[in-house]
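What follows is the content of data.csv (CSV, C-alpha atoms).
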```csv
chain,number,residue,atom,x,y,z
D,30,MET,CA,-51.2,-7.7,-28.7
D,31,THR,CA,-49.6,-10.4,-30.9
D,32,LEU,CA,-45.9,-10.7,-31.0
D,33,SER,CA,-43.9,-9.7,-34.2
D,34,TRP,CA,-43.3,-12.7,-36.5
D,35,LYS,CA,-39.6,-12.7,-35.6
D,36,THR,CA,-40.0,-12.8,-31.8
D,37,GLY,CA,-43.0,-15.1,-32.0
D,38,GLY,CA,-41.3,-17.4,-34.5
D,39,PHE,CA,-38.2,-17.6,-32.3
D,40,LEU,CA,-40.2,-18.4,-29.2
D,41,LEU,CA,-42.2,-21.1,-31.0
D,42,GLY,CA,-39.1,-22.6,-32.4
D,43,ALA,CA,-37.5,-22.6,-28.9
D,44,VAL,CA,-40.5,-24.4,-27.4
D,45,PHE,CA,-40.5,-27.1,-30.2
D,46,PHE,CA,-36.8,-27.7,-29.8
D,47,ALA,CA,-37.0,-27.8,-26.0
D,48,ALA,CA,-39.7,-30.5,-26.3
D,49,VAL,CA,-37.6,-32.6,-28.6
D,50,LEU,CA,-34.5,-32.1,-26.5
D,51,LEU,CA,-36.1,-32.9,-23.1
D,52,VAL,CA,-38.9,-35.4,-24.0
D,53,LYS,CA,-40.2,-35.9,-27.5
D,54,PRO,CA,-41.7,-34.0,-30.5
D,55,ILE,CA,-44.9,-32.1,-29.7
D,56,GLY,CA,-48.2,-33.7,-30.8
D,57,VAL,CA,-51.8,-32.9,-29.9
D,58,SER,CA,-54.5,-34.6,-31.9
D,59,THR,CA,-53.7,-38.2,-30.5
D,60,GLN,CA,-54.9,-36.9,-27.1
D,61,PHE,CA,-58.5,-36.4,-28.5
D,62,VAL,CA,-58.5,-40.2,-29.1
D,63,ILE,CA,-57.2,-40.8,-25.6
D,64,PHE,CA,-59.9,-38.5,-24.1
D,65,ASP,CA,-62.6,-40.4,-26.2
D,66,GLY,CA,-61.2,-43.6,-24.8
D,67,ILE,CA,-61.3,-42.4,-21.2
D,68,LEU,CA,-65.0,-41.4,-21.7
D,69,TRP,CA,-65.7,-44.7,-23.4
D,70,SER,CA,-64.1,-46.9,-20.8
D,71,ALA,CA,-65.9,-44.9,-18.1
D,72,VAL,CA,-69.2,-46.2,-19.6
D,73,ASP,CA,-67.9,-49.6,-20.7
D,74,PRO,CA,-64.9,-50.7,-18.5
D,75,GLN,CA,-64.3,-53.7,-20.8
D,76,VAL,CA,-63.0,-51.5,-23.6
D,77,VAL,CA,-59.4,-51.5,-22.3
D,78,VAL,CA,-57.8,-54.7,-21.2
D,79,ALA,CA,-54.9,-54.6,-18.7
D,80,PRO,CA,-51.9,-56.9,-19.3
D,81,THR,CA,-52.7,-60.4,-18.2
D,82,GLU,CA,-49.2,-61.6,-17.7
D,83,PRO,CA,-45.9,-59.8,-16.9
D,84,GLY,CA,-44.3,-58.3,-20.0
D,85,ALA,CA,-47.5,-58.2,-22.0
D,86,GLY,CA,-49.0,-54.8,-23.2
D,87,TYR,CA,-52.4,-53.3,-22.8
D,88,THR,CA,-54.9,-54.0,-25.5
D,89,SER,CA,-58.5,-53.2,-26.4
D,90,SER,CA,-61.6,-54.7,-28.0
D,91,ASN,CA,-61.4,-51.7,-30.3
D,92,ALA,CA,-58.8,-52.1,-33.1
D,93,TYR,CA,-57.9,-48.4,-33.2
D,94,LEU,CA,-57.1,-48.3,-29.4
D,95,ALA,CA,-55.2,-51.6,-29.6
D,96,LYS,CA,-52.9,-50.5,-32.5
D,97,SER,CA,-49.2,-49.6,-32.0
D,98,GLY,CA,-48.8,-52.4,-29.4
D,99,GLY,CA,-51.7,-51.1,-27.3
D,100,SER,CA,-50.0,-47.7,-26.6
D,101,TYR,CA,-53.4,-45.9,-26.9
D,102,ALA,CA,-55.1,-48.4,-24.7
D,103,LYS,CA,-52.3,-47.9,-22.1
D,104,SER,CA,-52.7,-44.1,-22.1
D,105,VAL,CA,-56.5,-44.5,-21.7
D,106,ALA,CA,-55.9,-46.7,-18.7
D,107,ASN,CA,-53.3,-44.2,-17.3
D,108,PRO,CA,-54.5,-40.6,-18.2
D,109,LEU,CA,-51.8,-39.1,-16.0
D,110,ASN,CA,-49.1,-39.5,-18.7
D,111,TYR,CA,-46.8,-37.0,-20.4
D,112,SER,CA,-48.7,-36.5,-23.6
D,113,PHE,CA,-52.2,-36.1,-22.0
D,114,VAL,CA,-51.0,-33.7,-19.3
D,115,PHE,CA,-49.1,-31.8,-22.0
D,116,VAL,CA,-52.3,-31.0,-23.8
D,117,LEU,CA,-54.1,-30.0,-20.6
D,118,ALA,CA,-51.2,-27.7,-19.7
D,119,MET,CA,-51.3,-26.3,-23.2
D,120,MET,CA,-54.9,-25.2,-22.7
D,121,ILE,CA,-54.1,-23.7,-19.3
D,122,GLY,CA,-51.0,-21.9,-20.7
D,123,ALA,CA,-53.1,-20.3,-23.4
D,124,LEU,CA,-55.7,-19.3,-20.9
D,125,VAL,CA,-53.1,-17.7,-18.7
D,126,SER,CA,-51.7,-15.7,-21.6
D,127,ALA,CA,-55.2,-14.6,-22.7
D,128,VAL,CA,-56.1,-13.4,-19.2
D,129,MET,CA,-52.8,-11.6,-18.8
D,130,ARG,CA,-53.4,-9.6,-22.0
D,131,GLY,CA,-56.8,-8.5,-20.8
D,132,GLY,CA,-59.0,-11.5,-21.8
D,133,VAL,CA,-61.1,-12.2,-24.8
D,134,SER,CA,-64.2,-10.1,-25.3
D,135,ARG,CA,-67.6,-11.7,-24.9
D,136,GLU,CA,-68.4,-10.9,-28.6
D,137,GLU,CA,-65.2,-12.6,-29.8
D,138,ARG,CA,-65.9,-15.6,-27.6
D,139,VAL,CA,-69.2,-16.1,-29.3
D,140,MET,CA,-67.7,-15.8,-32.8
D,141,PRO,CA,-64.7,-14.1,-34.5
D,142,ALA,CA,-65.3,-10.7,-36.2
D,143,VAL,CA,-64.4,-12.2,-39.6
D,144,TRP,CA,-67.2,-14.8,-39.3
D,145,ARG,CA,-69.7,-12.1,-38.2
D,146,ALA,CA,-68.8,-10.1,-41.3
D,147,ASN,CA,-69.5,-13.0,-43.7
D,148,PHE,CA,-72.2,-15.0,-42.0
D,149,GLY,CA,-74.1,-12.7,-39.7
D,150,ASP,CA,-74.7,-12.6,-36.0
D,151,THR,CA,-76.5,-15.9,-35.3
D,152,ALA,CA,-74.6,-17.8,-32.6
D,153,MET,CA,-76.2,-21.2,-33.3
D,154,SER,CA,-75.0,-21.2,-36.9
D,155,ARG,CA,-71.5,-20.4,-35.8
D,156,TYR,CA,-71.6,-23.2,-33.2
D,157,ALA,CA,-73.0,-25.7,-35.7
D,158,ALA,CA,-70.3,-24.8,-38.2
D,159,ALA,CA,-67.6,-25.1,-35.6
D,160,PHE,CA,-68.9,-28.6,-34.5
D,161,VAL,CA,-69.0,-29.9,-38.1
D,162,SER,CA,-65.6,-28.4,-38.9
D,163,GLY,CA,-64.1,-29.8,-35.8
D,164,PHE,CA,-65.4,-33.2,-36.7
D,165,ILE,CA,-63.9,-33.0,-40.2
D,166,VAL,CA,-60.6,-31.7,-38.9
D,167,LEU,CA,-60.2,-34.4,-36.3
D,168,TYR,CA,-61.3,-37.1,-38.7
D,169,GLY,CA,-58.6,-35.9,-41.1
D,170,ALA,CA,-56.0,-35.6,-38.5
D,171,ARG,CA,-56.4,-39.1,-37.3
D,172,LEU,CA,-56.5,-40.4,-40.9
D,173,ALA,CA,-53.2,-38.6,-41.5
D,174,GLY,CA,-51.8,-39.8,-38.2
D,175,GLY,CA,-51.3,-36.3,-36.9
D,176,CYS,CA,-52.4,-32.7,-36.9
D,177,THR,CA,-50.6,-29.3,-37.6
D,178,SER,CA,-48.5,-29.7,-34.4
D,179,GLY,CA,-47.3,-33.2,-35.0
D,180,HIS,CA,-46.9,-33.3,-38.8
D,181,MET,CA,-46.3,-29.8,-40.0
D,182,MET,CA,-44.2,-28.4,-37.1
D,183,SER,CA,-42.7,-31.4,-35.3
D,184,GLY,CA,-42.4,-33.3,-38.6
D,185,ILE,CA,-40.8,-30.6,-40.8
D,186,MET,CA,-38.3,-29.6,-38.0
D,187,GLN,CA,-37.0,-33.2,-38.2
D,188,THR,CA,-37.2,-33.0,-42.0
D,189,ALA,CA,-39.7,-35.9,-42.1
D,190,LEU,CA,-41.2,-36.2,-45.6
D,191,SER,CA,-44.7,-36.7,-44.2
D,192,GLY,CA,-44.5,-33.2,-42.7
D,193,TYR,CA,-44.0,-31.5,-46.1
D,194,VAL,CA,-46.7,-33.6,-47.7
D,195,PHE,CA,-49.1,-32.7,-44.8
D,196,ALA,CA,-48.3,-29.0,-45.0
D,197,ALA,CA,-48.8,-28.9,-48.8
D,198,GLY,CA,-52.1,-30.8,-48.5
D,199,ALA,CA,-53.4,-28.6,-45.6
D,200,PHE,CA,-52.7,-25.3,-47.5
D,201,LEU,CA,-53.9,-26.7,-50.9
D,202,ALA,CA,-57.2,-27.5,-49.3
D,203,GLY,CA,-57.4,-24.7,-46.7
D,204,ILE,CA,-56.6,-21.7,-48.9
D,205,PRO,CA,-59.2,-22.1,-51.6
D,206,THR,CA,-61.8,-23.0,-48.9
D,207,ALA,CA,-61.0,-19.9,-47.0
D,208,LEU,CA,-61.0,-17.7,-50.1
D,209,TYR,CA,-64.4,-19.1,-51.0
D,210,LEU,CA,-66.0,-18.8,-47.6
D,211,PHE,CA,-64.5,-15.6,-46.2
D,212,ARG,CA,-64.8,-13.0,-49.0
D,213,ARG,CA,-65.7,-10.1,-46.8
D,214,GLU,CA,-63.1,-8.5,-44.6
D,215,VAL,CA,-63.7,-6.9,-41.3
A,9,MET,CA,-43.2,-37.9,-12.0
A,10,SER,CA,-40.5,-35.7,-13.7
A,11,GLY,CA,-42.3,-36.4,-17.0
A,12,ILE,CA,-45.5,-34.9,-15.6
A,13,ILE,CA,-43.6,-31.8,-14.5
A,14,LEU,CA,-42.0,-31.4,-17.9
A,15,ALA,CA,-45.4,-31.9,-19.5
A,16,ILE,CA,-46.8,-29.0,-17.4
A,17,ILE,CA,-43.8,-26.7,-18.1
A,18,ILE,CA,-43.4,-27.4,-21.9
A,19,GLY,CA,-47.1,-27.7,-22.5
A,20,GLY,CA,-47.8,-24.5,-20.6
A,21,ALA,CA,-45.1,-22.7,-22.5
A,22,PHE,CA,-46.5,-24.0,-25.8
A,23,GLY,CA,-50.0,-22.9,-25.1
A,24,PHE,CA,-48.8,-19.5,-23.8
A,25,THR,CA,-46.7,-19.0,-27.0
A,26,LEU,CA,-49.6,-20.1,-29.3
A,27,ASP,CA,-51.8,-17.4,-27.7
A,28,ARG,CA,-49.1,-14.8,-28.0
A,29,ILE,CA,-48.5,-15.4,-31.7
A,30,GLY,CA,-52.2,-15.2,-32.4
A,31,ALA,CA,-52.8,-18.9,-33.2
A,32,THR,CA,-55.7,-19.0,-30.7
A,33,ASN,CA,-57.5,-16.3,-32.6
A,34,PRO,CA,-59.7,-17.6,-35.5
A,35,ASN,CA,-59.5,-14.2,-37.2
A,36,TYR,CA,-55.8,-14.6,-37.7
A,37,ILE,CA,-56.1,-18.2,-38.9
A,38,ILE,CA,-58.8,-17.3,-41.4
A,39,ARG,CA,-56.9,-14.2,-42.6
A,40,MET,CA,-53.8,-16.3,-43.1
A,41,LEU,CA,-55.8,-18.9,-45.2
A,42,ASN,CA,-57.6,-16.3,-47.3
A,43,LEU,CA,-54.2,-14.7,-47.8
A,44,THR,CA,-55.2,-11.2,-46.5
A,45,ASP,CA,-52.7,-11.2,-43.5
A,46,LEU,CA,-49.7,-13.6,-43.6
A,47,HIS,CA,-48.4,-12.6,-40.2
A,48,LEU,CA,-49.3,-16.0,-38.6
A,49,MET,CA,-47.8,-17.9,-41.6
A,50,LYS,CA,-44.5,-16.0,-41.3
A,51,THR,CA,-44.4,-16.7,-37.5
A,52,ILE,CA,-45.1,-20.4,-38.0
A,53,LEU,CA,-42.5,-20.8,-40.8
A,54,THR,CA,-39.9,-18.9,-38.7
A,55,GLY,CA,-40.7,-21.2,-35.8
A,56,ILE,CA,-40.2,-24.3,-37.9
A,57,GLY,CA,-37.0,-22.9,-39.4
A,58,VAL,CA,-35.5,-22.0,-36.0
A,59,ALA,CA,-36.4,-25.4,-34.6
A,60,GLU,CA,-35.2,-27.2,-37.6
A,61,THR,CA,-31.8,-25.4,-37.7
A,62,VAL,CA,-31.1,-25.9,-34.0
A,63,HIS,CA,-32.3,-29.5,-34.2
A,64,ARG,CA,-29.9,-30.1,-37.1
A,65,GLN,CA,-26.9,-28.5,-35.3
A,66,TRP,CA,-27.7,-30.4,-32.2
A,67,SER,CA,-28.0,-33.8,-33.9
A,68,GLU,CA,-24.8,-33.3,-35.9
A,69,ALA,CA,-22.9,-32.3,-32.7
A,70,ARG,CA,-24.4,-35.3,-30.8
A,71,PHE,CA,-23.7,-37.9,-33.4
A,72,ALA,CA,-20.2,-36.5,-34.3
A,73,GLY,CA,-19.1,-36.6,-30.7
```

Mind turning this structure into structure tokens?
Amino acid sequence: MTLSWKTGGFLLGAVFFAAVLLVKPIGVSTQFVIFDGILWSAVDPQVVVAPTEPGAGYTSSNAYLAKSGGSYAKSVANPLNYSFVFVLAMMIGALVSAVMRGGVSREERVMPAVWRANFGDTAMSRYAAAFVSGFIVLYGARLAGGCTSGHMMSGIMQTALSGYVFAAGAFLAGIPTALYLFRREV
Amino acid sequence: MSGIILAIIIGGAFGFTLDRIGATNPNYIIRMLNLTDLHLMKTILTGIGVAETVHRQWSEARFAG
């Protein structure tokens, strides 16, 4: 069962503040880039270039991995860093919670009930839509320099202007799209 | 090394909380966005509000002292 909005909201706020207090604001979508980089450099070891002299940073033949002083390239070379392990732990934490509350039914794992009510029972069309949507969401998140965690939650809690702009943009695009796509309720 | 332990603790708590508030359930996300059930929206806004308030108090105390 889901928590009441008061209890859930308090818990969520506590985790966000603990992260800022103890380490740094929570962010997730950057780690998709790091994971891509890990896969890429497994195929082509020349993508990430280690520092050649003391004091120099990591860099990459790819401009995106080389940006911010090579911090992405450095994380790709050392996957056992805070931000990457954080996202792995997040997935495990969610799994533990789901198992503890009795697991997710096989039907729900294939597709959520609200999708079934609107688009039917075909698993492949759900997977295809999820893949395309995931591509668009991640492209947008990297274009914006962050996702819902980084911009909307971590950003607004620090009263960063970018957080409010991101939240307005996300809901302005998301609400009409959802109203159009999901007309039938369960 | 302590950074990795913190990543496991805070990351694990974050994922656990996301699941408990319903944020891992696509039904809740879709019903929030098509405005039929605003429970998740209320939870997220409360979370941001709590974190923002505590963060503000903490920064003011830290920089005042």

task: Could you give me, as an NGL selection string, the residues within 12 Å of Gly30 in chain A, counting all atoms listed in the file and dropping anything in the same chain fewer than 4 positions from it?
output: (:D and (30-34 or 37-38 or 41 or 123 or 126-127 or 130)) or (:A and (23-26 or 34-40 or 45-52))

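Considering the residues A:Gly20, A:Ile13, A:Ile56, A:Thr61 and counting only C-alpha atoms, Thr177 in chain D has its shortest atom-to-atom contact with A:Ile56.
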
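If you look at CA of Lys96 in chain D and CA of Ile18 in chain A, they are 27.1 Å away from each other.
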
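Going from CA of Arg213 in chain D over to CA of Val143 in chain D, you cover 7.6 Å.
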
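Distances here use all atoms listed in the file; by that measure, the residue among D:Val78, D:Val62, D:Val215, D:Ala197 closest to Arg171 in chain D is D:Val62.
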
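All protein, DNA and RNA residues at most 10 Å from (-63.0, -15.3, -47.0) are Val143, Trp144, Ala146, Asn147, Ile204, Pro205, Thr206, Ala207, Leu208, Tyr209, Leu210, Phe211, Arg212, Arg213 and Glu214 of chain D; Ile38, Arg39, Leu41, Asn42, Leu43 and Thr44 of chain A, using only C-alpha atoms.
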
- prompt: Skipping near chain neighbours, those fewer than 2 positions away, what residues fall within 8 Å of range 98-109 of chain D using all atoms listed in the file, listed as a list in words?
  reply: Val62, Ile63, Phe64, Gly66, Ile67, Val77, Val78, Ala79, Gly86, Tyr87, Thr88, Ser89, Leu94, Ala95, Lys96, Tyr111, Phe113 and Val114 of chain D; Ile12 of chain A

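The spacing separating CA of Ala59 in chain A from CA of Ala43 in chain D amounts to 6.4 Å.
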
field: Long-range neighbours of Ser191 in chain D as a PyMOL selection string, 9 Å cut-off, only C-alpha atoms, 4 positions minimum in chain
entry: chain D and resi 180-181+184-185+195-196

Only C-alpha atoms, please: the residues just picked out, written as a PDB file, in the frame of the given file.
```
ATOM      1  CA  HIS D 180     -46.900 -33.300 -38.800  1.00  0.00           C
ATOM      2  CA  MET D 181     -46.300 -29.800 -40.000  1.00  0.00           C
ATOM      3  CA  GLY D 184     -42.400 -33.300 -38.600  1.00  0.00           C
ATOM      4  CA  ILE D 185     -40.800 -30.600 -40.800  1.00  0.00           C
ATOM      5  CA  PHE D 195     -49.100 -32.700 -44.800  1.00  0.00           C
ATOM      6  CA  ALA D 196     -48.300 -29.000 -45.000  1.00  0.00           C
TER       7      ALA D 196
END
```

Generate the missing atoms of range 27-38 of chain A up to N, CA and C atoms and report them as a PDB file, in the coordinates of the input.
```
ATOM      1  N   ASP A  27     -50.888 -18.586 -27.923  1.00  0.00           N
ATOM      2  CA  ASP A  27     -51.800 -17.400 -27.700  1.00  0.00           C
ATOM      3  C   ASP A  27     -51.092 -16.135 -28.085  1.00  0.00           C
ATOM      4  N   ARG A  28     -49.810 -16.012 -27.711  1.00  0.00           N
ATOM      5  CA  ARG A  28     -49.100 -14.800 -28.000  1.00  0.00           C
ATOM      6  C   ARG A  28     -48.822 -14.508 -29.448  1.00  0.00           C
ATOM      7  N   ILE A  29     -48.725 -15.581 -30.246  1.00  0.00           N
ATOM      8  CA  ILE A  29     -48.500 -15.400 -31.700  1.00  0.00           C
ATOM      9  C   ILE A  29     -49.808 -15.204 -32.452  1.00  0.00           C
ATOM     10  N   GLY A  30     -50.941 -15.342 -31.762  1.00  0.00           N
ATOM     11  CA  GLY A  30     -52.200 -15.200 -32.400  1.00  0.00           C
ATOM     12  C   GLY A  30     -52.861 -16.436 -32.941  1.00  0.00           C
ATOM     13  N   ALA A  31     -52.245 -17.601 -32.628  1.00  0.00           N
ATOM     14  CA  ALA A  31     -52.800 -18.900 -33.200  1.00  0.00           C
ATOM     15  C   ALA A  31     -54.039 -19.320 -32.465  1.00  0.00           C
ATOM     16  N   THR A  32     -54.414 -18.681 -31.347  1.00  0.00           N
ATOM     17  CA  THR A  32     -55.700 -19.000 -30.700  1.00  0.00           C
ATOM     18  C   THR A  32     -56.817 -18.152 -31.199  1.00  0.00           C
ATOM     19  N   ASN A  33     -56.492 -17.238 -32.104  1.00  0.00           N
ATOM     20  CA  ASN A  33     -57.500 -16.300 -32.600  1.00  0.00           C
ATOM     21  C   ASN A  33     -57.952 -16.687 -34.000  1.00  0.00           C
ATOM     22  N   PRO A  34     -59.222 -17.130 -34.146  1.00  0.00           N
ATOM     23  CA  PRO A  34     -59.700 -17.600 -35.500  1.00  0.00           C
ATOM     24  C   PRO A  34     -59.562 -16.536 -36.544  1.00  0.00           C
ATOM     25  N   ASN A  35     -59.647 -15.245 -36.164  1.00  0.00           N
ATOM     26  CA  ASN A  35     -59.500 -14.200 -37.200  1.00  0.00           C
ATOM     27  C   ASN A  35     -58.150 -14.275 -37.881  1.00  0.00           C
ATOM     28  N   TYR A  36     -57.095 -14.523 -37.100  1.00  0.00           N
ATOM     29  CA  TYR A  36     -55.800 -14.600 -37.700  1.00  0.00           C
ATOM     30  C   TYR A  36     -55.600 -15.842 -38.579  1.00  0.00           C
ATOM     31  N   ILE A  37     -56.201 -16.956 -38.138  1.00  0.00           N
ATOM     32  CA  ILE A  37     -56.100 -18.200 -38.900  1.00  0.00           C
ATOM     33  C   ILE A  37     -56.807 -18.034 -40.255  1.00  0.00           C
ATOM     34  N   ILE A  38     -58.029 -17.448 -40.186  1.00  0.00           N
ATOM     35  CA  ILE A  38     -58.800 -17.300 -41.400  1.00  0.00           C
ATOM     36  C   ILE A  38     -58.121 -16.269 -42.356  1.00  0.00           C
TER      37      ILE A  38
END
```
